[in-house]
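Written out below as structure tokens is the structure these notes cover.
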Protein chains: 2
Amino acid sequence: MSNTISSQNDGSWLYSSDLSLSLEKGGELPGIELVYETWGELNTGKSNAIVIHHALSVGAHVAQSEKNPDKGWWNEMVGPGKAVDTDHYFVICINNLGSCFGSTGPTSINPQTNKPYNASFPEITIGDMVNSQKRLIEELGIESLYAIIGNSMGAMLSLIWAIEYPESVKRLMLSCSSYKAYPANIANRNIQQSAIRLDPAWNEGDYESNEKLDGFKLARKLGLYTYRNSAEWNRRFNSHEDKTAEDGEITRYMDYNAEKFAKIFDANSYLAITTAMDSYDVTQSYASNDEAFSRIQADVVVISEQFDILFTPQQQEEMFMALKEANVSCHFISHHSQFGHDAFLVETNRFGNYIREFLADAHFAEIRQIKPC
Amino acid sequence: MSNTISSQNDGSWLYSSDLSLSLEKGGELPGIELVYETWGELNTGKSNAIVIHHALSVGAHVAQSEKNPDKGWWNEMVGPGKAVDTDHYFVICINNLGSCFGSTGPTSINPQTNKPYNASFPEITIGDMVNSQKRLIEELGIESLYAIIGNSMGAMLSLIWAIEYPESVKRLMLSCSSYKAYPANIANRNIQQSAIRLDPAWNEGDYESNEKLDGFKLARKLGLYTYRNSAEWNRRFNSHEDKTAEDGEITRYMDYNAEKFAKIFDANSYLAITTAMDSYDVTQSYASNDEAFSRIQADVVVISEQFDILFTPQQQEEMFMALKEANVSCHFISHHSQFGHDAFLVETNRFGNYIREFLADAHFAEIRQIKPC
């Protein structure tokens with residue numbers, strides 16, 4: 001058995017382990033690779049590490065670095081002097097298992113066949129993603145994380161982590177997520193998955209070119225449709241209330257985004273990860289919600305976006321109430337904006353303020369607690 | 001030139017006119033057929049007629065009748081002693097142009113080719129639908145309608161009617177609709193249209209069997225997803241907050257509904273009508289919103305459903321404000337329920353109460369006016 005960590009040209013790290021990973025739905029992966037990036041320095045006590053769990057469609061490149069000057073998906077949030085201040089914290093983001101940005105997933109070579117797994121990649125869960133990451137964090141010698149910050153699907157990993165490995169995390173920030181898969185979200189993902197599978201070019205997962213998958217592009221459009229709320233679509237296409245979008249303008253916008261996404265994201269990965277989201281429920285192996293949530297030792301903040309039509313405020317409120325009932329130290333922020341689900345990506349100033357306060361040693365509870373309505 | 005009206009076996013009427021209908025986007029239909037149903041009796045003064053404008057996916061069969069005992073799509077609402085009381089009113093519902101329930105549409109025979117139009121059916125608008133219906137109402141000798149009631153897409157016809165033929169309608173009830181196509185709705189419909197067209201079985205509109213169109217079924221699923229809000233999905237699939245839907249239960253529910261819809265609704269009709277919705281804007285041929293809305297002579301009620309994610313409360317409020325600014329006698333009802341867009345179909349008791357008051361001679365304004373927030 002061997003675990004290795006090697007640096008890559010783009011500044012990321014590759015963790016390779018030939019220890020198999022047992023999967024919650026059965027079977028195992030014979031070994032795993034995880035790509036991750038770090039910012040800042042781990043202190044000698046190894047007490048300043050923060051894990052950021054990324055959302056469905058991005059990877060480990062949260063912010064630019066010396067070796068990789070490309071802007072990251074949360075570039076405004078992470079860096080020296082920024083909300084997640086890399087002069088103080090050692091920040092780690094690991095590309096999720098099942099994804100297509102370097103970690104083991106459907107595009108990886110199956111050692112038994114020497115071909116990519118494609119659609120034969122075994123069914124994975126959010127819990128499997130967490131277990132693989134915990135192994136890496138232990139390899140780095142970090143016993144306790146100063147904080148975990150999770151956004152959207154990323155927060156599903158964060159919450160499982162805090163329940164399954166309660167002693168290893170002190171602060172937990174859960175943005176625009178949920179504690180289980182809700183029916184409307186399962187329905188939405190089902191439509192996207194069907195769109196991918198119905199496309200003959202998908203070819204049971206053995207497609208010639210990801211970029212030619214019209215069904216996958218359609219799935220992405222539906223995703224896009226839900227990431228922003230109605231008011232944000234108005235802002236983008238109606239400069240004032242009397243103006244209607246030009247003919248075809250909206251279609252072109254969606255086409256452009258779908259094409260761009262199909263260039264970088266793999267359709268089989270999309271299926272693997274969205275299927276993992278469908279079976280997500282942090283309470284499923286416990287006798288009650290209370291039994292699950294009361295395991296948490298971290299101080300928790302739940303952020304709800306008022307007009308999020310994907311992970312609705314109701315989902316945040318139910319998560320908050322379940323945490324409160326289990327006597328977890330938990331705080332609630334109701335974020336109001338026009339950006340819906342994507343607010344955490346767009347309104348980085350305001351989210352940055354939440355994070356600064358959350359990470360400060362001052363008692364976050366006293367200054368920030370806002371009850372859900 | 002001849003116009004004929006003939007009774008059909010199912011109790012509906014067929015209006016045939018060989019007068020061509022000029023289309024707003026150019027071209028014409030050489031003649032039109034409209035299927036309609038009526039309930040109650042037209043009084044001698046022809047002053048008790050109510051037109052109901054139906055939504056996208058249904059037809060003229062609003063309620064059961066002696067000749068057609070099948071339940072209609074608003075069966076609880078229309079009949080003797082019901083909210084739309086057919087002991088007092090003469091109720092007419094006309095299947096919209098472009099639809100597939102008997103009126104001229106893509107499934108009709110193109111007289112120039114003696115084959116169905118299919119995808120070659122000319123582009124029609126909501127205004128064209130209204131113009132065709134106005135011709136029929138005139139044929140019936142009705143100069144002024146006691147009321148028009150429109151739901152969802154149907155209310156688009158209702159509003160155009162009241163603007164273009166202001167002297168012909170006294171009361172206007174607009175439920176869960178809008179005065180123009182909004183970007184988020186165009187985006188949503190674009191995804192549905194793409195799903196239909198990407199399916200090779202669609203075959204540029206010349207498909208062998210509508211029921212085998214997986215892309216069309218996918219489109220319907222997306223429609224279904226938006227008709228109910230997240231809370232309603234929970235109610236349907238989570239009997240209590242700790243229960244998660246059984247594996248596959250949600251998928252089976254959507255499959256069942258999509259299959260059922262593909263049996264009755266034609267994919268080319270769906271494309272024609274949703275494209276008409278995309279270009280909808282009652283103000284487009286006027287210099288200002290005011291110029292358009294100030295033409296209205298009817299007393300108007302706008303009903304908004306709090307959790308409608310399709311025709312959002314914002315859309316209702318903007319319509320209401322535009323009407324108010326144009327000094328139209330206009331009232332606003334904010335309906336609160338968990339059913340989202342479909343509330344008008346589900347909560348017929350509460351909507352029935354709105355309609356009773358709206359149709360009564362008492363001043364609706366004084367008893368019912370609720371300002372939008």
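Labels for the structure tokens follow display order: chains A, B, ..., residues from 1 in each chain, ligands from 1.
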
- request: Provide as a VMD selection string the residues of chain A at most 8 Å from chain B, counting only C-alpha atoms.
  value: chain A and resid 181 to 184 186 to 188 190 to 191 194 to 195 198 to 199 214 to 215 218 221 to 222 225 229 to 230 233 to 234 237 to 238 242 244 to 245 250 to 251 254 289 312

Write to file, as a compact mmCIF listing (two decimals), in the first residue's frame, the residues of the selection just made, with C-alpha atoms.
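Saved as again_21.txt:
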# COMPACT_ATOMS: atom_id res chain seq x y z
CA ALA A 181 -32.26 15.55 -1.34
CA TYR A 182 -35.67 17.18 -1.75
CA PRO A 183 -38.25 15.92 -4.26
CA ALA A 184 -38.26 19.05 -6.47
CA ILE A 186 -34.57 15.13 -7.57
CA ALA A 187 -37.20 15.90 -10.23
CA ASN A 188 -35.06 18.64 -11.72
CA ASN A 190 -33.97 13.59 -13.28
CA ILE A 191 -34.91 15.79 -16.24
CA SER A 194 -32.78 12.03 -18.99
CA ALA A 195 -31.73 14.76 -21.41
CA LEU A 198 -31.80 10.32 -24.48
CA ASP A 199 -29.23 11.85 -26.81
CA ASP A 214 -26.66 18.21 -27.36
CA GLY A 215 -28.53 16.44 -24.57
CA LEU A 218 -29.71 20.91 -22.75
CA LYS A 221 -29.36 24.98 -19.78
CA LEU A 222 -31.84 23.64 -17.29
CA TYR A 225 -32.25 28.28 -15.60
CA ASN A 229 -34.12 33.63 -10.22
CA SER A 230 -36.67 35.32 -12.41
CA TRP A 233 -33.18 36.99 -15.80
CA ASN A 234 -35.05 40.30 -16.06
CA PHE A 237 -32.30 40.87 -20.53
CA ASN A 238 -34.64 43.76 -19.75
CA ASP A 242 -40.58 48.31 -20.99
CA THR A 244 -38.18 43.08 -24.04
CA ALA A 245 -35.15 41.01 -24.92
CA ILE A 250 -31.94 34.60 -24.53
CA THR A 251 -31.50 31.52 -26.67
CA MET A 254 -28.06 29.86 -23.09
CA ASN A 289 -32.55 13.48 12.82
CA THR A 312 -34.98 27.02 -1.31

Go through stretch 236-287 of chain B residue by residue and, counting only C-alpha atoms, keep those with an atom at most 9 Å from stretch 53-56 of chain B; for each kept residue give the shortest atom pair and its distance in Å to one decimal, ordered by chain and increasing number, as a tab-separated table.
residue	atom	partner	partner_atom	distance
B:Tyr270	CA	B:Leu56	CA	8.0
B:Ile273	CA	B:Leu56	CA	7.3
B:Thr274	CA	B:Leu56	CA	8.0

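Of the residues listed (B:Ser120, B:Ser329, B:Thr38, B:Ser12), B:Ser120 shows the shortest atom-to-atom separation from B:Glu204; distances use only C-alpha atoms.
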
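The coordinates place atom CA of B:Gly40 at 6.0 Å from atom CA of B:Asp87.
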
query: What's the 6 Å shell around stretch 67-84 of chain B, counting only C-alpha atoms, without same-chain residues fewer than 6 positions away, as a list in words?
result: Asp10, Gly11, His61, Gly352 and Arg356 of chain B

Helix (DSSP H, G or I) call set, DSSP backbone run, stretch 108-356 of chain B, as a ChimeraX atom specification: /B:118-120,126-139,153-164,166-168,183-198,200-205,210-212,214-227,230-237,249-264,267-278,289-293,313-325,340-346,348-356

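The gap separating atom CA of A:Leu157 from atom CA of A:Thr104 is 16.5 Å, in Å to one decimal.
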
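Here atom CA of B:Thr275 stands at a distance of 19.9 Å from atom CA of B:Asn110.
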
- request: Name the residues in contact with stretch 334-337 of chain B at a cut-off of 12 Å, using only C-alpha atoms, excluding same-chain residues fewer than 5 positions from it; report them as a PyMOL selection string.
  value: chain B and resi 175-176+228-232+301-308+312-314+316-317+320+342-344+346-348+350-351+353-354+368-373

Atoms kept (C-alpha atoms) for selection, written as a CSV table (one decimal), in the first residue's frame:
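Heads up, here's the output in again30.csv:
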chain,number,residue,atom,x,y,z
B,175,SER,CA,-55.0,34.5,-13.2
B,176,CYS,CA,-51.3,33.6,-13.0
B,228,ARG,CA,-45.8,23.1,-8.8
B,229,ASN,CA,-43.5,24.7,-6.2
B,230,SER,CA,-41.0,23.0,-4.1
B,231,ALA,CA,-43.3,22.7,-1.1
B,232,GLU,CA,-45.9,20.9,-3.2
B,301,VAL,CA,-58.9,41.5,-11.5
B,302,VAL,CA,-55.3,40.2,-11.4
B,303,ILE,CA,-54.8,37.1,-9.4
B,304,SER,CA,-51.2,36.3,-8.3
B,305,GLU,CA,-50.2,33.0,-6.7
B,306,GLN,CA,-47.6,33.6,-4.0
B,307,PHE,CA,-45.4,30.6,-4.9
B,308,ASP,CA,-45.9,30.5,-8.6
B,312,THR,CA,-44.2,34.9,-10.6
B,313,PRO,CA,-45.9,37.4,-8.3
B,314,GLN,CA,-43.5,40.0,-9.7
B,316,GLN,CA,-48.6,39.9,-11.7
B,317,GLU,CA,-47.5,43.0,-9.7
B,320,PHE,CA,-51.3,45.4,-12.0
B,342,ASP,CA,-51.5,25.1,-10.7
B,343,ALA,CA,-53.4,26.5,-7.7
B,344,PHE,CA,-56.2,27.7,-10.0
B,346,VAL,CA,-56.4,22.6,-7.6
B,347,GLU,CA,-57.9,25.1,-5.2
B,348,THR,CA,-61.2,25.5,-7.0
B,350,ARG,CA,-61.0,29.5,-3.1
B,351,PHE,CA,-60.7,30.5,-6.8
B,353,ASN,CA,-65.0,32.5,-4.3
B,354,TYR,CA,-62.9,35.0,-6.2
B,368,ARG,CA,-61.8,42.4,-2.5
B,369,GLN,CA,-59.0,44.8,-3.3
B,370,ILE,CA,-55.7,43.6,-1.9
B,371,LYS,CA,-52.6,45.6,-2.8
B,372,PRO,CA,-49.5,43.8,-3.9
B,373,CYS,CA,-46.7,44.0,-1.4

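For the set B:Ser177, B:Asn327, B:Ser47, B:Gln297, the residue with the smallest atom-to-atom gap to B:Gly141 is B:Ser47, counting only C-alpha atoms.
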